[in-house]
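Q: What follows is a structure written as structure tokens; I'll ask about it next.
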Protein chains: 2
Amino acid sequence: MDTTEELQDFIANGHKTFIPHVSMDNAIFGYHDHQLKILLSQYKAIEGYCLPGGYIKRTETLDQAAKRIVKERTGLDDLYLQQYKTFGDPGRIKWNEMDFEKFSEMAGVKHIKDSWLMDHTISIGYYAITDFSLVTPKSDLSSYCEWFNIDEVPPLLYDHDDMVKESLQALRQQLYYYPIAAKLLPEKFTLTEIHAVYETILGKKLDIRNFPKKLVFLGLIKKLNEKRNIGPHRAPYLYRFDMKKYNKALETGTTLT
Amino acid sequence: MDTTEELQDFIANGHKTFIPHVSMDNAIFGYHDHQLKILLSQYKAIEGYCLPGGYIKRTETLDQAAKRIVKERTGLDDLYLQQYKTFGDPGRIKWNEMDFEKFSEMAGVKHIKDSWLMDHTISIGYYAITDFSLVTPKSDLSSYCEWFNIDEVPPLLYDHDDMVKESLQALRQQLYYYPIAAKLLPEKFTLTEIHAVYETILGKKLDIRNFPKKLVFLGLIKKLNEKRNIGPHRAPYLYRFDMKKYNKALETGTTLT
């Protein structure tokens, strides 16, 4: 099948393979060296950006679907991935007539308005985070992808502005009790390194003297009896995540008790 | 319409009013005086308990659907309500032949297996918490409801054991950064009172001397310059939630920075 045939088949028969009325949109964040980015997708037929998404196969779990969709865009399958919210406001997806026409023309399909794709659809939101220097964004049948600085995200299509806002909020809250930052740091790291990750993801300055106290209070990191030599008279202590406490926290609900 | 006609109409035409392939199941927790309970539902036609649930109208938001479903069971509409996770494993709902027969017989419908209700369905999970002394559980068309102590929940139908586990975990995590406990306490409360709420919801003993320090460290509660007289020589200080900090925490992701 060429691309057009594949798209036509998806429009005509996709509901047999995928769960109708349900889609998935993924907020894929990238961190590297004090920078936070997010992956945005642009349809070839429609103006404007949105989060990369897809549909869920009837044979896969939601986590498997998220992993597959994220891998299609990033090539990676070991990034930090977390379901955070499902979106379902009526009218959350509004297409204008011109978009219908363009998309119908591109796909070579006439009655796209009557297809399973255009009926009421809720969307399950996952967020992912990885080191963006490891990722070359990949395009698919009908869209291409690129990284945007988190401060330079343009207004998005549908309810995807909400999705970015809510996924970022979930990421920031969960940074204190899920081992998110562990994926973005070497196994042993300095306070300066973890401080940069937290400041960048939270999007604000954190007092470098109080910051480690908080993480130690929460039981997230442990000071090692080991230093890293980074120059004359400069050998900061190394830390690592206390994964045992982390895992206990995930079971019992909190690191605090 | 009598009950049977209503049920038959729902089976035949429900997909026009409700979103097919999507349901909602609510973990409704109740706290009162050191006790944590959860509301379970039992179908009239099928053996076993499950969480009370329902379907989402095409005209309502997910939050509105959750509020409606919870109100149908509790009579209340001002309880603490939070979406926490969507469940979608293939095969998450398995009916045996006998259940099909019983349900078909009760509804007076022959081809229930071919109905929209029996196709692949994902379920959006909300949890709610309220003071259970305020609630008289209500039944509906096909099921009735009752409170169970959280330690005495029987094995549930479908994937509802998972739902209870995950909703309880979300409740416990969010207890430290969402104003959940505020709904379960008077505006001004003693440390003993809030200690009881936290111990009961978390399901473990918390050191009463360290406990207030943690909450104050997190910025959740404030000590007032005011005491409550509860007996000769007994006048503990009163506290209240710092809702300004709470709301800021919800925006910025954490109380910690």
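Identifiers in this document derive from the order of the structure tokens: chains are assigned A, B, ..., residues are numbered from 1 separately in each chain, and ligands are numbered from 1 in order of occurrence.
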Write out as JSON lines a residue-level contact list of region 130-223 of chain B versus region 90-102 of chain B with cut-off 10 Å: for each qualifying residue the closest pair of atoms and the distance in Å to one decimal, counting only C-alpha atoms, rows sorted by chain and residue number upward.
A:
{"residue": "B:Leu157", "atom": "CA", "partner": "B:Ile93", "partner_atom": "CA", "distance": 8.2}
{"residue": "B:Tyr158", "atom": "CA", "partner": "B:Ile93", "partner_atom": "CA", "distance": 5.0}
{"residue": "B:Asp159", "atom": "CA", "partner": "B:Arg92", "partner_atom": "CA", "distance": 5.7}
{"residue": "B:His160", "atom": "CA", "partner": "B:Arg92", "partner_atom": "CA", "distance": 9.2}
Q: Could you pull out the strand (DSSP E or B) residues of region 46-123 of chain A from DSSP and send them as a PyMOL selection string?
A: chain A and resi 49-50+53-57+80-87+122-123
Q: Can you work out which residues from chain B touch chain A at a cut-off of 9 Å (counting only C-alpha atoms) and hand them back as a ChimeraX atom specification?
A: /B:19-22,58-63,83-91,120-122,124,168-177,202-207,211,214,249-257
Q: Using all C-alpha atoms paired in order, least-squares fit chain B onto chain A and give me the moved copy as a PDB file with C-alpha atoms, in the first residue's frame.
A:
ATOM      1  CA  MET B   1       0.052   0.034   0.007  1.00  0.00           C
ATOM      2  CA  ASP B   2       1.295   3.530  -0.686  1.00  0.00           C
ATOM      3  CA  THR B   3       0.722   6.334   1.808  1.00  0.00           C
ATOM      4  CA  THR B   4      -2.635   7.422   0.381  1.00  0.00           C
ATOM      5  CA  GLU B   5      -3.995   3.876   0.296  1.00  0.00           C
ATOM      6  CA  GLU B   6      -2.792   3.357   3.846  1.00  0.00           C
ATOM      7  CA  LEU B   7      -4.575   6.524   4.975  1.00  0.00           C
ATOM      8  CA  GLN B   8      -7.772   5.556   3.126  1.00  0.00           C
ATOM      9  CA  ASP B   9      -7.732   2.120   4.734  1.00  0.00           C
ATOM     10  CA  PHE B  10      -7.245   3.717   8.159  1.00  0.00           C
ATOM     11  CA  ILE B  11     -10.220   6.031   7.610  1.00  0.00           C
ATOM     12  CA  ALA B  12     -12.448   3.213   6.328  1.00  0.00           C
ATOM     13  CA  ASN B  13     -11.399   0.355   8.620  1.00  0.00           C
ATOM     14  CA  GLY B  14      -9.368   1.769  11.514  1.00  0.00           C
ATOM     15  CA  HIS B  15     -12.185   1.220  14.012  1.00  0.00           C
ATOM     16  CA  LYS B  16     -11.739  -2.546  13.628  1.00  0.00           C
ATOM     17  CA  THR B  17      -8.121  -2.352  14.801  1.00  0.00           C
ATOM     18  CA  PHE B  18      -8.326   0.632  17.137  1.00  0.00           C
ATOM     19  CA  ILE B  19     -10.800   1.547  19.923  1.00  0.00           C
ATOM     20  CA  PRO B  20     -13.224   4.105  18.462  1.00  0.00           C
ATOM     21  CA  HIS B  21     -14.069   7.278  20.454  1.00  0.00           C
ATOM     22  CA  VAL B  22     -10.713   7.114  22.255  1.00  0.00           C
ATOM     23  CA  SER B  23      -7.400   8.660  21.260  1.00  0.00           C
ATOM     24  CA  MET B  24      -4.119   9.362  23.006  1.00  0.00           C
ATOM     25  CA  ASP B  25      -2.031  12.545  23.050  1.00  0.00           C
ATOM     26  CA  ASN B  26       1.464  12.569  24.451  1.00  0.00           C
ATOM     27  CA  ALA B  27       3.353  15.477  25.978  1.00  0.00           C
ATOM     28  CA  ILE B  28       6.957  14.453  25.318  1.00  0.00           C
ATOM     29  CA  PHE B  29       9.336  16.672  27.282  1.00  0.00           C
ATOM     30  CA  GLY B  30      13.057  16.889  26.668  1.00  0.00           C
ATOM     31  CA  TYR B  31      15.688  18.080  29.158  1.00  0.00           C
ATOM     32  CA  HIS B  32      19.315  18.853  28.461  1.00  0.00           C
ATOM     33  CA  ASP B  33      21.786  21.247  30.073  1.00  0.00           C
ATOM     34  CA  HIS B  34      19.364  23.772  31.646  1.00  0.00           C
ATOM     35  CA  GLN B  35      16.854  23.581  28.775  1.00  0.00           C
ATOM     36  CA  LEU B  36      13.328  22.130  28.763  1.00  0.00           C
ATOM     37  CA  LYS B  37      11.664  21.414  25.429  1.00  0.00           C
ATOM     38  CA  ILE B  38       8.471  19.760  24.222  1.00  0.00           C
ATOM     39  CA  LEU B  39       7.810  17.828  21.022  1.00  0.00           C
ATOM     40  CA  LEU B  40       5.121  19.330  18.785  1.00  0.00           C
ATOM     41  CA  SER B  41       3.569  17.846  15.706  1.00  0.00           C
ATOM     42  CA  GLN B  42       2.181  19.553  12.613  1.00  0.00           C
ATOM     43  CA  TYR B  43      -0.292  17.905  10.236  1.00  0.00           C
ATOM     44  CA  LYS B  44       0.698  18.126   6.626  1.00  0.00           C
ATOM     45  CA  ALA B  45      -2.851  19.134   5.662  1.00  0.00           C
ATOM     46  CA  ILE B  46      -3.823  21.445   8.521  1.00  0.00           C
ATOM     47  CA  GLU B  47      -2.282  24.644   9.756  1.00  0.00           C
ATOM     48  CA  GLY B  48      -1.130  24.736  13.364  1.00  0.00           C
ATOM     49  CA  TYR B  49       0.676  22.573  15.901  1.00  0.00           C
ATOM     50  CA  CYS B  50      -0.532  19.936  18.335  1.00  0.00           C
ATOM     51  CA  LEU B  51       0.871  17.226  20.602  1.00  0.00           C
ATOM     52  CA  PRO B  52       1.854  14.016  18.829  1.00  0.00           C
ATOM     53  CA  GLY B  53      -0.854  11.404  19.288  1.00  0.00           C
ATOM     54  CA  GLY B  54      -2.508   8.321  17.959  1.00  0.00           C
ATOM     55  CA  TYR B  55      -5.072   5.613  18.594  1.00  0.00           C
ATOM     56  CA  ILE B  56      -5.097   2.599  20.906  1.00  0.00           C
ATOM     57  CA  LYS B  57      -5.129  -0.883  19.405  1.00  0.00           C
ATOM     58  CA  ARG B  58      -7.835  -3.152  20.754  1.00  0.00           C
ATOM     59  CA  THR B  59      -5.119  -5.674  21.650  1.00  0.00           C
ATOM     60  CA  GLU B  60      -2.822  -3.405  23.656  1.00  0.00           C
ATOM     61  CA  THR B  61      -2.859  -1.860  27.136  1.00  0.00           C
ATOM     62  CA  LEU B  62      -2.896   1.935  27.452  1.00  0.00           C
ATOM     63  CA  ASP B  63       0.734   1.890  28.614  1.00  0.00           C
ATOM     64  CA  GLN B  64       1.716  -0.204  25.583  1.00  0.00           C
ATOM     65  CA  ALA B  65      -0.076   2.216  23.254  1.00  0.00           C
ATOM     66  CA  ALA B  66       1.690   5.193  24.835  1.00  0.00           C
ATOM     67  CA  LYS B  67       5.052   3.455  24.575  1.00  0.00           C
ATOM     68  CA  ARG B  68       4.433   2.619  20.901  1.00  0.00           C
ATOM     69  CA  ILE B  69       3.312   6.153  20.002  1.00  0.00           C
ATOM     70  CA  VAL B  70       6.230   7.756  21.854  1.00  0.00           C
ATOM     71  CA  LYS B  71       8.688   5.357  20.213  1.00  0.00           C
ATOM     72  CA  GLU B  72       7.272   6.173  16.759  1.00  0.00           C
ATOM     73  CA  ARG B  73       8.170   9.841  17.379  1.00  0.00           C
ATOM     74  CA  THR B  74      11.414   9.557  19.334  1.00  0.00           C
ATOM     75  CA  GLY B  75      12.905   6.171  18.462  1.00  0.00           C
ATOM     76  CA  LEU B  76      13.315   5.572  22.216  1.00  0.00           C
ATOM     77  CA  ASP B  77      11.523   3.066  24.380  1.00  0.00           C
ATOM     78  CA  ASP B  78      13.131   3.526  27.765  1.00  0.00           C
ATOM     79  CA  LEU B  79      12.053   7.063  28.610  1.00  0.00           C
ATOM     80  CA  TYR B  80      10.042   8.046  31.647  1.00  0.00           C
ATOM     81  CA  LEU B  81       6.364   7.652  30.745  1.00  0.00           C
ATOM     82  CA  GLN B  82       3.332   8.443  32.901  1.00  0.00           C
ATOM     83  CA  GLN B  83      -0.417   8.681  32.345  1.00  0.00           C
ATOM     84  CA  TYR B  84      -1.627  11.935  33.923  1.00  0.00           C
ATOM     85  CA  LYS B  85      -5.164  12.809  32.766  1.00  0.00           C
ATOM     86  CA  THR B  86      -7.960  12.049  30.302  1.00  0.00           C
ATOM     87  CA  PHE B  87      -9.565  14.908  28.384  1.00  0.00           C
ATOM     88  CA  GLY B  88     -13.178  14.716  27.245  1.00  0.00           C
ATOM     89  CA  ASP B  89     -14.924  18.071  26.994  1.00  0.00           C
ATOM     90  CA  PRO B  90     -17.684  18.049  24.361  1.00  0.00           C
ATOM     91  CA  GLY B  91     -16.520  20.008  21.342  1.00  0.00           C
ATOM     92  CA  ARG B  92     -12.850  19.657  22.297  1.00  0.00           C
ATOM     93  CA  ILE B  93     -12.014  18.972  18.655  1.00  0.00           C
ATOM     94  CA  LYS B  94     -13.321  21.501  16.192  1.00  0.00           C
ATOM     95  CA  TRP B  95     -12.402  21.255  12.520  1.00  0.00           C
ATOM     96  CA  ASN B  96     -13.306  24.050  10.177  1.00  0.00           C
ATOM     97  CA  GLU B  97     -14.646  23.413   6.673  1.00  0.00           C
ATOM     98  CA  MET B  98     -11.353  24.266   5.030  1.00  0.00           C
ATOM     99  CA  ASP B  99      -9.475  21.718   7.141  1.00  0.00           C
ATOM    100  CA  PHE B 100     -12.057  19.067   6.234  1.00  0.00           C
ATOM    101  CA  GLU B 101     -11.593  19.872   2.549  1.00  0.00           C
ATOM    102  CA  LYS B 102      -7.795  19.855   2.698  1.00  0.00           C
ATOM    103  CA  PHE B 103      -7.671  16.637   4.664  1.00  0.00           C
ATOM    104  CA  SER B 104     -10.232  14.946   2.406  1.00  0.00           C
ATOM    105  CA  GLU B 105      -8.252  16.014  -0.636  1.00  0.00           C
ATOM    106  CA  MET B 106      -4.951  14.782   0.789  1.00  0.00           C
ATOM    107  CA  ALA B 107      -6.489  11.430   1.743  1.00  0.00           C
ATOM    108  CA  GLY B 108      -8.543  11.148  -1.426  1.00  0.00           C
ATOM    109  CA  VAL B 109     -11.645  10.388   0.639  1.00  0.00           C
ATOM    110  CA  LYS B 110     -15.029  12.097   0.231  1.00  0.00           C
ATOM    111  CA  HIS B 111     -17.117  11.345   3.304  1.00  0.00           C
ATOM    112  CA  ILE B 112     -14.551  11.909   5.989  1.00  0.00           C
ATOM    113  CA  LYS B 113     -17.118  13.687   8.162  1.00  0.00           C
ATOM    114  CA  ASP B 114     -19.085  10.446   8.518  1.00  0.00           C
ATOM    115  CA  SER B 115     -16.019   8.383   9.435  1.00  0.00           C
ATOM    116  CA  TRP B 116     -15.351   6.926  12.900  1.00  0.00           C
ATOM    117  CA  LEU B 117     -12.523   9.466  13.294  1.00  0.00           C
ATOM    118  CA  MET B 118     -14.937  12.399  13.428  1.00  0.00           C
ATOM    119  CA  ASP B 119     -17.318  11.112  16.117  1.00  0.00           C
ATOM    120  CA  HIS B 120     -17.060  12.241  19.775  1.00  0.00           C
ATOM    121  CA  THR B 121     -13.551  11.327  20.951  1.00  0.00           C
ATOM    122  CA  ILE B 122     -11.968  11.514  24.370  1.00  0.00           C
ATOM    123  CA  SER B 123      -8.191  11.593  24.665  1.00  0.00           C
ATOM    124  CA  ILE B 124      -5.934   9.950  27.214  1.00  0.00           C
ATOM    125  CA  GLY B 125      -2.907  12.064  28.130  1.00  0.00           C
ATOM    126  CA  TYR B 126       0.534  10.653  28.877  1.00  0.00           C
ATOM    127  CA  TYR B 127       3.653  12.660  29.507  1.00  0.00           C
ATOM    128  CA  ALA B 128       7.172  11.447  28.854  1.00  0.00           C
ATOM    129  CA  ILE B 129      10.552  12.951  29.606  1.00  0.00           C
ATOM    130  CA  THR B 130      13.950  12.169  28.210  1.00  0.00           C
ATOM    131  CA  ASP B 131      17.261  13.786  27.324  1.00  0.00           C
ATOM    132  CA  PHE B 132      16.410  15.630  24.099  1.00  0.00           C
ATOM    133  CA  SER B 133      19.992  15.396  22.835  1.00  0.00           C
ATOM    134  CA  LEU B 134      19.298  11.665  22.303  1.00  0.00           C
ATOM    135  CA  VAL B 135      16.257  12.213  20.079  1.00  0.00           C
ATOM    136  CA  THR B 136      15.800  12.929  16.400  1.00  0.00           C
ATOM    137  CA  PRO B 137      12.035  13.594  16.032  1.00  0.00           C
ATOM    138  CA  LYS B 138      10.332  11.358  13.481  1.00  0.00           C
ATOM    139  CA  SER B 139       7.441  12.143  11.147  1.00  0.00           C
ATOM    140  CA  ASP B 140       4.598   9.843  10.168  1.00  0.00           C
ATOM    141  CA  LEU B 141       1.890   9.439   7.502  1.00  0.00           C
ATOM    142  CA  SER B 142       0.209  12.755   8.016  1.00  0.00           C
ATOM    143  CA  SER B 143       2.438  14.907  10.233  1.00  0.00           C
ATOM    144  CA  TYR B 144       5.962  15.913  11.169  1.00  0.00           C
ATOM    145  CA  CYS B 145       7.513  16.674  14.520  1.00  0.00           C
ATOM    146  CA  GLU B 146       9.977  19.129  16.094  1.00  0.00           C
ATOM    147  CA  TRP B 147      11.252  20.288  19.497  1.00  0.00           C
ATOM    148  CA  PHE B 148      10.087  23.642  20.889  1.00  0.00           C
ATOM    149  CA  ASN B 149      11.498  25.448  23.927  1.00  0.00           C
ATOM    150  CA  ILE B 150       8.850  25.241  26.639  1.00  0.00           C
ATOM    151  CA  ASP B 151       8.685  29.072  26.741  1.00  0.00           C
ATOM    152  CA  GLU B 152       8.139  29.306  23.004  1.00  0.00           C
ATOM    153  CA  VAL B 153       5.196  26.964  22.469  1.00  0.00           C
ATOM    154  CA  PRO B 154       2.765  28.587  19.998  1.00  0.00           C
ATOM    155  CA  PRO B 155      -1.020  28.433  20.593  1.00  0.00           C
ATOM    156  CA  LEU B 156      -1.991  24.832  19.796  1.00  0.00           C
ATOM    157  CA  LEU B 157      -4.957  23.188  18.048  1.00  0.00           C
ATOM    158  CA  TYR B 158      -7.977  21.677  19.875  1.00  0.00           C
ATOM    159  CA  ASP B 159      -7.581  21.462  23.683  1.00  0.00           C
ATOM    160  CA  HIS B 160      -3.835  20.898  23.431  1.00  0.00           C
ATOM    161  CA  ASP B 161      -2.941  24.143  25.242  1.00  0.00           C
ATOM    162  CA  ASP B 162      -4.720  22.632  28.241  1.00  0.00           C
ATOM    163  CA  MET B 163      -2.848  19.385  27.759  1.00  0.00           C
ATOM    164  CA  VAL B 164       0.530  21.136  27.831  1.00  0.00           C
ATOM    165  CA  LYS B 165      -0.454  23.089  30.935  1.00  0.00           C
ATOM    166  CA  GLU B 166      -1.788  20.056  32.773  1.00  0.00           C
ATOM    167  CA  SER B 167       1.023  17.707  31.764  1.00  0.00           C
ATOM    168  CA  LEU B 168       3.605  20.240  32.894  1.00  0.00           C
ATOM    169  CA  GLN B 169       1.788  20.616  36.206  1.00  0.00           C
ATOM    170  CA  ALA B 170       1.695  16.825  36.680  1.00  0.00           C
ATOM    171  CA  LEU B 171       5.389  16.554  35.802  1.00  0.00           C
ATOM    172  CA  ARG B 172       6.261  19.279  38.305  1.00  0.00           C
ATOM    173  CA  GLN B 173       4.205  17.757  41.111  1.00  0.00           C
ATOM    174  CA  GLN B 174       5.459  14.254  40.482  1.00  0.00           C
ATOM    175  CA  LEU B 175       9.093  15.385  40.341  1.00  0.00           C
ATOM    176  CA  TYR B 176       9.041  15.218  44.156  1.00  0.00           C
ATOM    177  CA  TYR B 177       7.788  11.670  44.548  1.00  0.00           C
ATOM    178  CA  TYR B 178       8.371   9.833  41.272  1.00  0.00           C
ATOM    179  CA  PRO B 179      11.934   8.979  40.161  1.00  0.00           C
ATOM    180  CA  ILE B 180      11.651  11.248  37.119  1.00  0.00           C
ATOM    181  CA  ALA B 181      14.951  13.092  37.522  1.00  0.00           C
ATOM    182  CA  ALA B 182      16.819   9.804  37.929  1.00  0.00           C
ATOM    183  CA  LYS B 183      16.448   9.240  34.170  1.00  0.00           C
ATOM    184  CA  LEU B 184      18.014  12.620  33.403  1.00  0.00           C
ATOM    185  CA  LEU B 185      21.150  12.340  35.562  1.00  0.00           C
ATOM    186  CA  PRO B 186      24.125   9.996  35.847  1.00  0.00           C
ATOM    187  CA  GLU B 187      23.819   7.411  38.644  1.00  0.00           C
ATOM    188  CA  LYS B 188      26.050   9.573  40.861  1.00  0.00           C
ATOM    189  CA  PHE B 189      25.630  13.321  40.534  1.00  0.00           C
ATOM    190  CA  THR B 190      26.603  16.585  42.179  1.00  0.00           C
ATOM    191  CA  LEU B 191      24.144  18.949  43.852  1.00  0.00           C
ATOM    192  CA  THR B 192      24.806  21.438  41.058  1.00  0.00           C
ATOM    193  CA  GLU B 193      23.649  18.904  38.483  1.00  0.00           C
ATOM    194  CA  ILE B 194      20.403  17.918  40.203  1.00  0.00           C
ATOM    195  CA  HIS B 195      19.749  21.564  41.070  1.00  0.00           C
ATOM    196  CA  ALA B 196      19.858  22.411  37.356  1.00  0.00           C
ATOM    197  CA  VAL B 197      17.367  19.643  36.491  1.00  0.00           C
ATOM    198  CA  TYR B 198      14.898  20.749  39.187  1.00  0.00           C
ATOM    199  CA  GLU B 199      15.201  24.470  38.428  1.00  0.00           C
ATOM    200  CA  THR B 200      14.707  23.870  34.729  1.00  0.00           C
ATOM    201  CA  ILE B 201      11.723  21.523  35.029  1.00  0.00           C
ATOM    202  CA  LEU B 202      10.036  23.653  37.712  1.00  0.00           C
ATOM    203  CA  GLY B 203      10.775  26.790  35.692  1.00  0.00           C
ATOM    204  CA  LYS B 204      12.011  28.859  38.624  1.00  0.00           C
ATOM    205  CA  LYS B 205      15.027  29.634  40.777  1.00  0.00           C
ATOM    206  CA  LEU B 206      15.576  27.360  43.775  1.00  0.00           C
ATOM    207  CA  ASP B 207      17.787  28.448  46.651  1.00  0.00           C
ATOM    208  CA  ILE B 208      20.850  26.196  46.239  1.00  0.00           C
ATOM    209  CA  ARG B 209      21.450  26.052  49.998  1.00  0.00           C
ATOM    210  CA  ASN B 210      17.920  24.948  50.945  1.00  0.00           C
ATOM    211  CA  PHE B 211      17.350  22.751  47.934  1.00  0.00           C
ATOM    212  CA  PRO B 212      19.401  19.697  49.037  1.00  0.00           C
ATOM    213  CA  LYS B 213      17.869  19.891  52.525  1.00  0.00           C
ATOM    214  CA  LYS B 214      14.417  19.512  51.005  1.00  0.00           C
ATOM    215  CA  LEU B 215      15.381  16.521  48.907  1.00  0.00           C
ATOM    216  CA  VAL B 216      17.112  14.883  51.856  1.00  0.00           C
ATOM    217  CA  PHE B 217      14.106  15.686  54.096  1.00  0.00           C
ATOM    218  CA  LEU B 218      11.875  14.009  51.528  1.00  0.00           C
ATOM    219  CA  GLY B 219      14.240  11.057  51.505  1.00  0.00           C
ATOM    220  CA  LEU B 220      14.777  11.242  47.752  1.00  0.00           C
ATOM    221  CA  ILE B 221      18.557  11.530  47.582  1.00  0.00           C
ATOM    222  CA  LYS B 222      21.473  10.243  49.634  1.00  0.00           C
ATOM    223  CA  LYS B 223      24.881  11.850  50.136  1.00  0.00           C
ATOM    224  CA  LEU B 224      27.703   9.474  49.239  1.00  0.00           C
ATOM    225  CA  ASN B 225      31.084   9.300  50.916  1.00  0.00           C
ATOM    226  CA  GLU B 226      32.657  10.048  47.557  1.00  0.00           C
ATOM    227  CA  LYS B 227      33.696  13.184  45.630  1.00  0.00           C
ATOM    228  CA  ARG B 228      34.205  14.136  42.015  1.00  0.00           C
ATOM    229  CA  ASN B 229      37.380  16.009  41.081  1.00  0.00           C
ATOM    230  CA  ILE B 230      36.439  18.811  38.717  1.00  0.00           C
ATOM    231  CA  GLY B 231      39.452  21.118  39.148  1.00  0.00           C
ATOM    232  CA  PRO B 232      42.051  22.375  41.596  1.00  0.00           C
ATOM    233  CA  HIS B 233      40.419  22.636  45.069  1.00  0.00           C
ATOM    234  CA  ARG B 234      37.056  21.699  43.511  1.00  0.00           C
ATOM    235  CA  ALA B 235      35.759  18.284  44.518  1.00  0.00           C
ATOM    236  CA  PRO B 236      32.030  18.370  45.356  1.00  0.00           C
ATOM    237  CA  TYR B 237      30.369  15.440  47.112  1.00  0.00           C
ATOM    238  CA  LEU B 238      28.379  13.028  45.014  1.00  0.00           C
ATOM    239  CA  TYR B 239      24.769  12.034  45.650  1.00  0.00           C
ATOM    240  CA  ARG B 240      22.493   9.337  44.344  1.00  0.00           C
ATOM    241  CA  PHE B 241      18.745   8.684  44.397  1.00  0.00           C
ATOM    242  CA  ASP B 242      17.504   6.469  47.209  1.00  0.00           C
ATOM    243  CA  MET B 243      15.477   4.143  44.983  1.00  0.00           C
ATOM    244  CA  LYS B 244      14.396   1.991  47.937  1.00  0.00           C
ATOM    245  CA  LYS B 245      12.689   4.977  49.559  1.00  0.00           C
ATOM    246  CA  TYR B 246      11.313   6.044  46.199  1.00  0.00           C
ATOM    247  CA  ASN B 247       9.731   2.677  45.580  1.00  0.00           C
ATOM    248  CA  LYS B 248       8.313   2.550  49.090  1.00  0.00           C
ATOM    249  CA  ALA B 249       6.902   6.024  48.526  1.00  0.00           C
ATOM    250  CA  LEU B 250       5.162   4.871  45.356  1.00  0.00           C
ATOM    251  CA  GLU B 251       3.563   2.020  47.263  1.00  0.00           C
ATOM    252  CA  THR B 252       2.568   3.872  50.399  1.00  0.00           C
ATOM    253  CA  GLY B 253       1.742   7.106  48.649  1.00  0.00           C
ATOM    254  CA  THR B 254       4.385   9.448  49.998  1.00  0.00           C
ATOM    255  CA  THR B 255       8.004   9.863  50.929  1.00  0.00           C
ATOM    256  CA  LEU B 256       6.960  11.841  53.978  1.00  0.00           C
ATOM    257  CA  THR B 257       5.951   9.252  56.522  1.00  0.00           C
TER     258      THR B 257
END
Q: Based on DSSP run over this structure's backbone, return all residues of region 64-236 of chain B in alpha helix (DSSP H), as number ranges by chain.
A: B: 64-74, 97-107, 160-174, 191-202, 211-217
